[in-house]
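Shown next: coords_28.cif, containing mmCIF, C-alpha atoms, pLDDT in the B column; chains and numbers go by the auth columns.
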data_protein
#
loop_
_atom_site.group_PDB
_atom_site.id
_atom_site.type_symbol
_atom_site.label_atom_id
_atom_site.label_comp_id
_atom_site.label_asym_id
_atom_site.label_seq_id
_atom_site.Cartn_x
_atom_site.Cartn_y
_atom_site.Cartn_z
_atom_site.B_iso_or_equiv
_atom_site.auth_seq_id
_atom_site.auth_asym_id
ATOM 1 C CA MET A 1 107.654 104.743 107.451 50.00 26 A
ATOM 2 C CA ALA A 2 108.070 106.493 104.108 62.00 27 A
ATOM 3 C CA SER A 3 108.038 104.449 100.952 70.00 28 A
ATOM 4 C CA SER A 4 111.300 103.196 99.523 89.00 29 A
ATOM 5 C CA THR A 5 113.968 105.500 98.185 94.00 30 A
ATOM 6 C CA ARG A 6 113.363 106.849 94.716 95.00 31 A
ATOM 7 C CA VAL A 7 115.810 108.743 92.517 97.00 32 A
ATOM 8 C CA GLY A 8 114.843 111.093 89.710 97.00 33 A
ATOM 9 C CA PRO A 9 117.214 112.911 87.416 97.00 34 A
ATOM 10 C CA SER A 10 116.439 116.544 86.731 96.00 35 A
ATOM 11 C CA ILE A 11 116.117 116.614 82.968 96.00 36 A
ATOM 12 C CA LEU A 12 116.893 120.319 82.873 95.00 37 A
ATOM 13 C CA GLY A 13 120.527 119.174 83.034 93.00 38 A
ATOM 14 C CA SER A 14 120.175 117.093 79.875 95.00 39 A
ATOM 15 C CA ASP A 15 121.053 117.900 76.286 94.00 40 A
ATOM 16 C CA LEU A 16 117.740 119.638 75.595 94.00 41 A
ATOM 17 C CA SER A 17 118.124 119.189 71.841 96.00 42 A
ATOM 18 C CA ARG A 18 117.725 115.449 72.508 96.00 43 A
ATOM 19 C CA LEU A 19 115.202 115.604 75.330 96.00 44 A
ATOM 20 C CA ALA A 20 113.194 112.444 74.586 95.00 45 A
ATOM 21 C CA SER A 21 116.287 110.286 74.058 95.00 46 A
ATOM 22 C CA GLU A 22 117.883 111.745 77.203 96.00 47 A
ATOM 23 C CA CYS A 23 114.741 110.827 79.166 96.00 48 A
ATOM 24 C CA GLU A 24 114.811 107.303 77.715 95.00 49 A
ATOM 25 C CA ARG A 25 118.490 107.024 78.676 96.00 50 A
ATOM 26 C CA MET A 26 117.664 107.987 82.253 97.00 51 A
ATOM 27 C CA LEU A 27 114.771 105.528 82.498 96.00 52 A
ATOM 28 C CA GLU A 28 116.960 102.775 81.052 96.00 53 A
ATOM 29 C CA SER A 29 119.612 103.697 83.642 97.00 54 A
ATOM 30 C CA GLY A 30 117.176 102.923 86.444 97.00 55 A
ATOM 31 C CA ALA A 31 115.611 106.319 87.206 97.00 56 A
ATOM 32 C CA ASP A 32 112.416 105.945 89.213 95.00 57 A
ATOM 33 C CA TYR A 33 110.949 109.151 87.829 95.00 58 A
ATOM 34 C CA LEU A 34 111.795 112.190 85.729 95.00 59 A
ATOM 35 C CA HIS A 35 112.033 115.565 87.433 94.00 60 A
ATOM 36 C CA LEU A 36 110.982 118.634 85.449 93.00 61 A
ATOM 37 C CA ASP A 37 111.680 122.141 86.700 92.00 62 A
ATOM 38 C CA VAL A 38 108.766 124.233 85.454 91.00 63 A
ATOM 39 C CA MET A 39 109.669 127.927 85.461 92.00 64 A
ATOM 40 C CA ASP A 40 107.449 130.685 84.123 92.00 65 A
ATOM 41 C CA GLY A 41 109.807 133.659 83.788 94.00 66 A
ATOM 42 C CA HIS A 42 107.858 135.537 86.501 93.00 67 A
ATOM 43 C CA PHE A 43 108.304 133.689 89.791 88.00 68 A
ATOM 44 C CA VAL A 44 111.870 132.977 88.707 88.00 69 A
ATOM 45 C CA PRO A 45 113.633 134.628 85.768 92.00 70 A
ATOM 46 C CA ASN A 46 114.048 131.452 83.684 92.00 71 A
ATOM 47 C CA ILE A 47 111.485 129.873 81.377 94.00 72 A
ATOM 48 C CA THR A 48 111.563 126.103 80.978 94.00 73 A
ATOM 49 C CA PHE A 49 109.058 123.320 80.336 91.00 74 A
ATOM 50 C CA GLY A 50 105.341 123.661 79.812 89.00 75 A
ATOM 51 C CA HIS A 51 102.537 121.214 79.130 89.00 76 A
ATOM 52 C CA PRO A 52 103.329 120.809 75.390 92.00 77 A
ATOM 53 C CA VAL A 53 106.756 119.421 76.287 92.00 78 A
ATOM 54 C CA VAL A 54 105.224 117.016 78.812 89.00 79 A
ATOM 55 C CA GLU A 55 102.628 115.894 76.238 89.00 80 A
ATOM 56 C CA CYS A 56 105.377 115.193 73.687 91.00 81 A
ATOM 57 C CA LEU A 57 107.443 113.277 76.216 92.00 82 A
ATOM 58 C CA ARG A 58 104.424 111.242 77.317 88.00 83 A
ATOM 59 C CA LYS A 59 103.730 110.262 73.683 88.00 84 A
ATOM 60 C CA ASN A 60 107.332 109.533 72.723 89.00 85 A
ATOM 61 C CA LEU A 61 108.758 107.695 75.714 90.00 86 A
ATOM 62 C CA GLY A 62 108.599 103.924 75.543 77.00 87 A
ATOM 63 C CA LYS A 63 107.862 103.556 79.235 70.00 88 A
ATOM 64 C CA ASP A 64 105.071 105.297 81.088 79.00 89 A
ATOM 65 C CA PRO A 65 107.218 107.581 83.234 86.00 90 A
ATOM 66 C CA PHE A 66 106.338 109.201 86.499 89.00 91 A
ATOM 67 C CA PHE A 67 106.759 112.978 86.127 90.00 92 A
ATOM 68 C CA ASP A 68 107.773 114.945 89.198 90.00 93 A
ATOM 69 C CA MET A 69 107.143 118.600 88.425 87.00 94 A
ATOM 70 C CA HIS A 70 108.760 121.337 90.471 87.00 95 A
ATOM 71 C CA MET A 71 106.466 124.283 89.806 86.00 96 A
ATOM 72 C CA MET A 72 108.290 127.586 90.207 87.00 97 A
ATOM 73 C CA VAL A 73 105.462 129.677 88.830 88.00 98 A
ATOM 74 C CA ALA A 74 103.712 132.867 89.899 89.00 99 A
ATOM 75 C CA ASN A 75 100.169 131.560 89.319 87.00 100 A
ATOM 76 C CA PRO A 76 100.164 127.813 89.963 83.00 101 A
ATOM 77 C CA GLU A 77 96.405 127.549 89.422 81.00 102 A
ATOM 78 C CA GLN A 78 96.996 128.431 85.749 85.00 103 A
ATOM 79 C CA TRP A 79 99.661 125.728 85.372 84.00 104 A
ATOM 80 C CA VAL A 80 98.595 122.710 87.378 81.00 105 A
ATOM 81 C CA LYS A 81 95.500 121.663 85.403 83.00 106 A
ATOM 82 C CA PRO A 82 97.137 121.704 81.920 86.00 107 A
ATOM 83 C CA MET A 83 100.281 120.061 83.299 81.00 108 A
ATOM 84 C CA ALA A 84 98.201 117.353 84.978 79.00 109 A
ATOM 85 C CA ALA A 85 96.296 116.720 81.746 80.00 110 A
ATOM 86 C CA ALA A 86 99.560 116.533 79.805 77.00 111 A
ATOM 87 C CA GLY A 87 101.262 114.375 82.388 63.00 112 A
ATOM 88 C CA GLY A 88 98.661 111.651 82.408 58.00 113 A
ATOM 89 C CA SER A 89 97.985 109.621 85.515 54.00 114 A
ATOM 90 C CA GLN A 90 101.444 109.623 87.071 53.00 115 A
ATOM 91 C CA TYR A 91 102.798 112.919 88.333 54.00 116 A
ATOM 92 C CA THR A 92 103.469 114.922 91.439 59.00 117 A
ATOM 93 C CA PHE A 93 103.700 118.675 91.787 56.00 118 A
ATOM 94 C CA HIS A 94 105.978 120.657 94.046 57.00 119 A
ATOM 95 C CA LEU A 95 105.087 124.296 94.424 51.00 120 A
ATOM 96 C CA GLU A 96 107.896 126.592 95.510 50.00 121 A
ATOM 97 C CA ALA A 97 107.018 127.692 99.031 48.00 122 A
ATOM 98 C CA THR A 98 109.334 130.643 99.342 48.00 123 A
ATOM 99 C CA ASP A 99 109.864 133.966 97.618 48.00 124 A
ATOM 100 C CA ASN A 100 113.533 133.046 97.374 50.00 125 A
ATOM 101 C CA PRO A 101 113.774 129.791 95.381 47.00 126 A
ATOM 102 C CA GLY A 102 116.970 128.021 96.203 51.00 127 A
ATOM 103 C CA ALA A 103 117.261 129.438 99.734 50.00 128 A
ATOM 104 C CA LEU A 104 115.287 126.538 101.205 44.00 129 A
ATOM 105 C CA ILE A 105 117.325 124.043 99.213 50.00 130 A
ATOM 106 C CA LYS A 106 120.580 125.653 100.401 55.00 131 A
ATOM 107 C CA GLU A 107 119.387 125.461 103.996 54.00 132 A
ATOM 108 C CA ILE A 108 118.461 121.801 103.609 48.00 133 A
ATOM 109 C CA ARG A 109 121.818 120.984 102.066 52.00 134 A
ATOM 110 C CA GLU A 110 123.724 122.831 104.756 54.00 135 A
ATOM 111 C CA SER A 111 121.827 121.792 107.848 49.00 136 A
ATOM 112 C CA GLY A 112 119.121 119.297 106.998 69.00 137 A
ATOM 113 C CA MET A 113 116.995 120.903 109.718 75.00 138 A
ATOM 114 C CA LYS A 114 113.766 121.183 107.732 81.00 139 A
ATOM 115 C CA VAL A 115 114.057 117.655 106.376 84.00 140 A
ATOM 116 C CA GLN A 116 114.810 116.323 109.846 87.00 141 A
ATOM 117 C CA TRP A 117 111.837 118.191 111.273 86.00 142 A
ATOM 118 C CA LEU A 118 109.531 116.885 108.532 85.00 143 A
ATOM 119 C CA ARG A 119 110.778 113.315 109.046 88.00 144 A
ATOM 120 C CA THR A 120 110.146 113.445 112.803 88.00 145 A
ATOM 121 C CA GLN A 121 106.699 114.990 112.374 89.00 146 A
ATOM 122 C CA PHE A 122 105.616 112.853 109.415 87.00 147 A
ATOM 123 C CA PRO A 123 107.493 109.537 109.404 88.00 148 A
ATOM 124 C CA SER A 124 105.471 108.124 106.493 88.00 149 A
ATOM 125 C CA LEU A 125 105.770 111.219 104.278 86.00 150 A
ATOM 126 C CA ASP A 126 107.821 111.080 101.089 89.00 151 A
ATOM 127 C CA ILE A 127 110.392 113.854 101.486 89.00 152 A
ATOM 128 C CA GLU A 128 112.249 115.046 98.415 90.00 153 A
ATOM 129 C CA VAL A 129 115.528 116.952 98.298 89.00 154 A
ATOM 130 C CA ASP A 130 116.316 118.820 95.098 89.00 155 A
ATOM 131 C CA GLY A 131 119.271 121.033 94.319 83.00 156 A
ATOM 132 C CA GLY A 132 122.920 120.098 93.998 88.00 157 A
ATOM 133 C CA VAL A 133 122.468 116.551 95.294 93.00 158 A
ATOM 134 C CA GLY A 134 125.136 114.070 94.273 95.00 159 A
ATOM 135 C CA PRO A 135 127.568 111.470 95.605 96.00 160 A
ATOM 136 C CA ASP A 136 129.436 114.064 97.685 94.00 161 A
ATOM 137 C CA ASN A 137 126.449 115.082 99.815 93.00 162 A
ATOM 138 C CA ILE A 138 123.907 112.268 99.563 95.00 163 A
ATOM 139 C CA HIS A 139 124.769 111.049 103.070 94.00 164 A
ATOM 140 C CA LYS A 140 123.664 114.378 104.533 92.00 165 A
ATOM 141 C CA CYS A 141 120.340 114.220 102.677 92.00 166 A
ATOM 142 C CA ALA A 142 119.760 110.607 103.682 94.00 167 A
ATOM 143 C CA GLU A 143 120.660 111.198 107.323 93.00 168 A
ATOM 144 C CA ALA A 144 118.240 114.129 107.434 91.00 169 A
ATOM 145 C CA GLY A 145 115.473 111.767 106.290 92.00 170 A
ATOM 146 C CA ALA A 146 114.999 112.339 102.549 92.00 171 A
ATOM 147 C CA ASN A 147 113.752 109.362 100.572 93.00 172 A
ATOM 148 C CA MET A 148 113.132 111.037 97.208 93.00 173 A
ATOM 149 C CA ILE A 149 116.286 112.362 95.608 95.00 174 A
ATOM 150 C CA VAL A 150 116.460 114.729 92.645 95.00 175 A
ATOM 151 C CA SER A 151 119.870 114.984 91.079 96.00 176 A
ATOM 152 C CA GLY A 152 120.649 116.936 87.944 94.00 177 A
ATOM 153 C CA ASN A 153 124.230 117.238 86.818 95.00 178 A
ATOM 154 C CA ALA A 154 125.571 114.417 88.995 96.00 179 A
ATOM 155 C CA ILE A 155 123.400 111.982 87.028 98.00 180 A
ATOM 156 C CA MET A 156 122.872 113.731 83.698 97.00 181 A
ATOM 157 C CA LYS A 157 126.547 114.576 83.122 96.00 182 A
ATOM 158 C CA SER A 158 127.858 111.222 84.338 97.00 183 A
ATOM 159 C CA GLU A 159 129.382 108.739 81.896 96.00 184 A
ATOM 160 C CA ASP A 160 127.640 106.037 83.933 98.00 185 A
ATOM 161 C CA PRO A 161 124.289 107.405 85.155 98.00 186 A
ATOM 162 C CA ARG A 162 123.162 103.952 86.295 98.00 187 A
ATOM 163 C CA SER A 163 125.966 103.752 88.853 98.00 188 A
ATOM 164 C CA VAL A 164 125.205 107.255 90.170 98.00 189 A
ATOM 165 C CA ILE A 165 121.490 106.471 90.476 98.00 190 A
ATOM 166 C CA ASN A 166 122.289 103.207 92.281 98.00 191 A
ATOM 167 C CA LEU A 167 124.737 104.920 94.621 98.00 192 A
ATOM 168 C CA LEU A 168 122.210 107.612 95.578 98.00 193 A
ATOM 169 C CA ARG A 169 119.471 105.035 96.094 97.00 194 A
ATOM 170 C CA ASN A 170 121.694 102.638 98.063 97.00 195 A
ATOM 171 C CA VAL A 171 123.016 105.292 100.451 97.00 196 A
ATOM 172 C CA CYS A 172 119.472 106.423 101.272 95.00 197 A
ATOM 173 C CA ALA A 173 118.240 102.859 101.668 94.00 198 A
ATOM 174 C CA GLU A 174 121.141 101.969 103.994 95.00 199 A
ATOM 175 C CA VAL A 175 120.562 105.038 106.174 94.00 200 A
ATOM 176 C CA ALA A 176 116.802 104.367 106.313 89.00 201 A
ATOM 177 C CA GLN A 177 117.470 100.730 107.258 90.00 202 A
ATOM 178 C CA LYS A 178 119.825 101.820 110.036 91.00 203 A
ATOM 179 C CA ARG A 179 117.286 104.396 111.259 83.00 204 A
ATOM 180 C CA SER A 180 114.554 101.751 111.479 81.00 205 A
ATOM 181 C CA LEU A 181 116.874 99.360 113.368 83.00 206 A
ATOM 182 C CA ASP A 182 117.821 102.101 115.842 79.00 207 A
ATOM 183 C CA ARG A 183 114.186 102.573 116.916 69.00 208 A
#
Full structure transcribed into structure tokens:
Amino acid sequence: MASSTRVGPSILGSDLSRLASECERMLESGADYLHLDVMDGHFVPNITFGHPVVECLRKNLGKDPFFDMHMMVANPEQWVKPMAAAGGSQYTFHLEATDNPGALIKEIRESGMKVQWLRTQFPSLDIEVDGGVGPDNIHKCAEAGANMIVSGNAIMKSEDPRSVINLLRNVCAEVAQKRSLDR
């Protein structure tokens, strides 16, 4: 069985002028990790975080956070090594596996078919869903088999991020518990 449910806010949805304090706020609100969307302006049109930002966050955050990096970059081999060095010992990388970023996420949100397939094929795999996840659709993600949840605006824009994080985590944990009892 996959490890326990983990929830990570996407810090791209934060007030970027206060990035370190926003990250601290999320960690203090119970986030299990921080999700960074790394975009290079080539694979996708936007440009976001690079290794200098990760280095600064690593130095300035009171806790030793786990960085989950969603790499939407044309040449990942040029990005992974510096990001890994900047990120320290705790990080994961997710390379975009489609020429149409967002299409896979839309499909997962709408049908859950790929997540369900992954869960049946790899019951112990950590499966992350990223893109528009919040209280309104967390049940669908959990029922499909996701146990790592990335949520941007639902957490970052909430007046009570702790309650949103707990809700997302609890729904996934309850569904996983039910799934294990049904076997």
Quiz item: Using all atoms listed in the file, which of the listed residues (A:Thr30, A:Ser35, A:Thr73, A:Ser54) sits closest to Glu184 in chain A?
Solution: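 Looking at the shortest contact to Glu184 in chain A, the residue is A:Ser54.
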Exercise. Could you expand the PyMOL selection byres ((chain A and resi 56) around 12) into the explicit residues it covers here, written as a VMD selection string?
Key: chain A and resid 30 to 36 47 to 55 57 to 60 88 90 to 93 173 to 177 180 to 181 186 to 194
Exercise. Would you mind reading off the distance between CA of Gly157 in chain A and CA of Ser46 in chain A, one decimal, in Å?
Key: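 Spanning CA of Gly157 in chain A to CA of Ser46 in chain A is a straight-line distance of 23.2 Å.
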Practice problem: Could you state which residues are captured by the PyMOL selection byres ((chain A and resi 144) around 12) in this file, as a VMD selection string? | Solution: chain A and resid 26 to 27 137 to 143 145 to 153 166 to 172 201 204
May I have the selected residues written with C-alpha atoms, as a tab-separated table (two decimals), in the frame of the given file?
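In the end it all went to out_25.tsv:
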chain	number	residue	atom	x	y	z
A	26	MET	CA	107.65	104.74	107.45
A	27	ALA	CA	108.07	106.49	104.11
A	137	GLY	CA	119.12	119.30	107.00
A	138	MET	CA	117.00	120.90	109.72
A	139	LYS	CA	113.77	121.18	107.73
A	140	VAL	CA	114.06	117.66	106.38
A	141	GLN	CA	114.81	116.32	109.85
A	142	TRP	CA	111.84	118.19	111.27
A	143	LEU	CA	109.53	116.88	108.53
A	145	THR	CA	110.15	113.44	112.80
A	146	GLN	CA	106.70	114.99	112.37
A	147	PHE	CA	105.62	112.85	109.42
A	148	PRO	CA	107.49	109.54	109.40
A	149	SER	CA	105.47	108.12	106.49
A	150	LEU	CA	105.77	111.22	104.28
A	151	ASP	CA	107.82	111.08	101.09
A	152	ILE	CA	110.39	113.85	101.49
A	153	GLU	CA	112.25	115.05	98.42
A	166	CYS	CA	120.34	114.22	102.68
A	167	ALA	CA	119.76	110.61	103.68
A	168	GLU	CA	120.66	111.20	107.32
A	169	ALA	CA	118.24	114.13	107.43
A	170	GLY	CA	115.47	111.77	106.29
A	171	ALA	CA	115.00	112.34	102.55
A	172	ASN	CA	113.75	109.36	100.57
A	201	ALA	CA	116.80	104.37	106.31
A	204	ARG	CA	117.29	104.40	111.26
Quiz prompt | Atom-to-atom span, CA of Lys106 in chain A and CA of Asp89 in chain A, Å | solution =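 Going from CA of Lys106 in chain A over to CA of Asp89 in chain A, I get 19.4 Å.
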Self-check item: Coordinates-based distance that separates CA of Ser39 in chain A from CA of Glu80 in chain A (Å, one decimal)
Solution: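 CA of Ser39 in chain A lies at a distance of 18.0 Å from CA of Glu80 in chain A.
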Quiz item: Nearest to Met97 in chain A: which of A:Arg43, A:His67, A:His164, A:Lys203 is it, counting only C-alpha atoms?
Solution: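 The answer is A:His67, which sits nearest to Met97 in chain A.
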Quiz item: For Leu82 in chain A, which of A:Asn178, A:Ile163, A:Gly38, A:Leu44 is the closest residue, counting all atoms listed in the file?
Solution: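 Going through A:Asn178, A:Ile163, A:Gly38, A:Leu44 one by one, the smallest distance to Leu82 in chain A is for A:Leu44.
Put simply, the PyMOL selection byres ((chain A and resi 69) around 10) in this file takes in A:Val63, A:Met64, A:Asp65, A:Gly66, A:His67, A:Phe68, A:Pro70, A:Asn71, A:Ile72, A:Met97, A:Val98, A:Ala99, A:Asp124, A:Asn125, A:Pro126.
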Please provide as an mmCIF file with C-alpha atoms, in the frame of the given file all residues within 10 Å of Pro77 in chain A, with the sequence filter that same-chain residues fewer than 6 positions apart are discarded (counting all atoms listed in the file).
data_model
loop_
_atom_site.group_PDB
_atom_site.id
_atom_site.type_symbol
_atom_site.label_atom_id
_atom_site.label_comp_id
_atom_site.auth_asym_id
_atom_site.auth_seq_id
_atom_site.Cartn_x
_atom_site.Cartn_y
_atom_site.Cartn_z
ATOM 1 C CA ARG A 83 104.424 111.242 77.317
ATOM 2 C CA PRO A 107 97.137 121.704 81.920
ATOM 3 C CA MET A 108 100.281 120.061 83.299
ATOM 4 C CA ALA A 111 99.560 116.533 79.805
ATOM 5 C CA GLY A 112 101.262 114.375 82.388
#
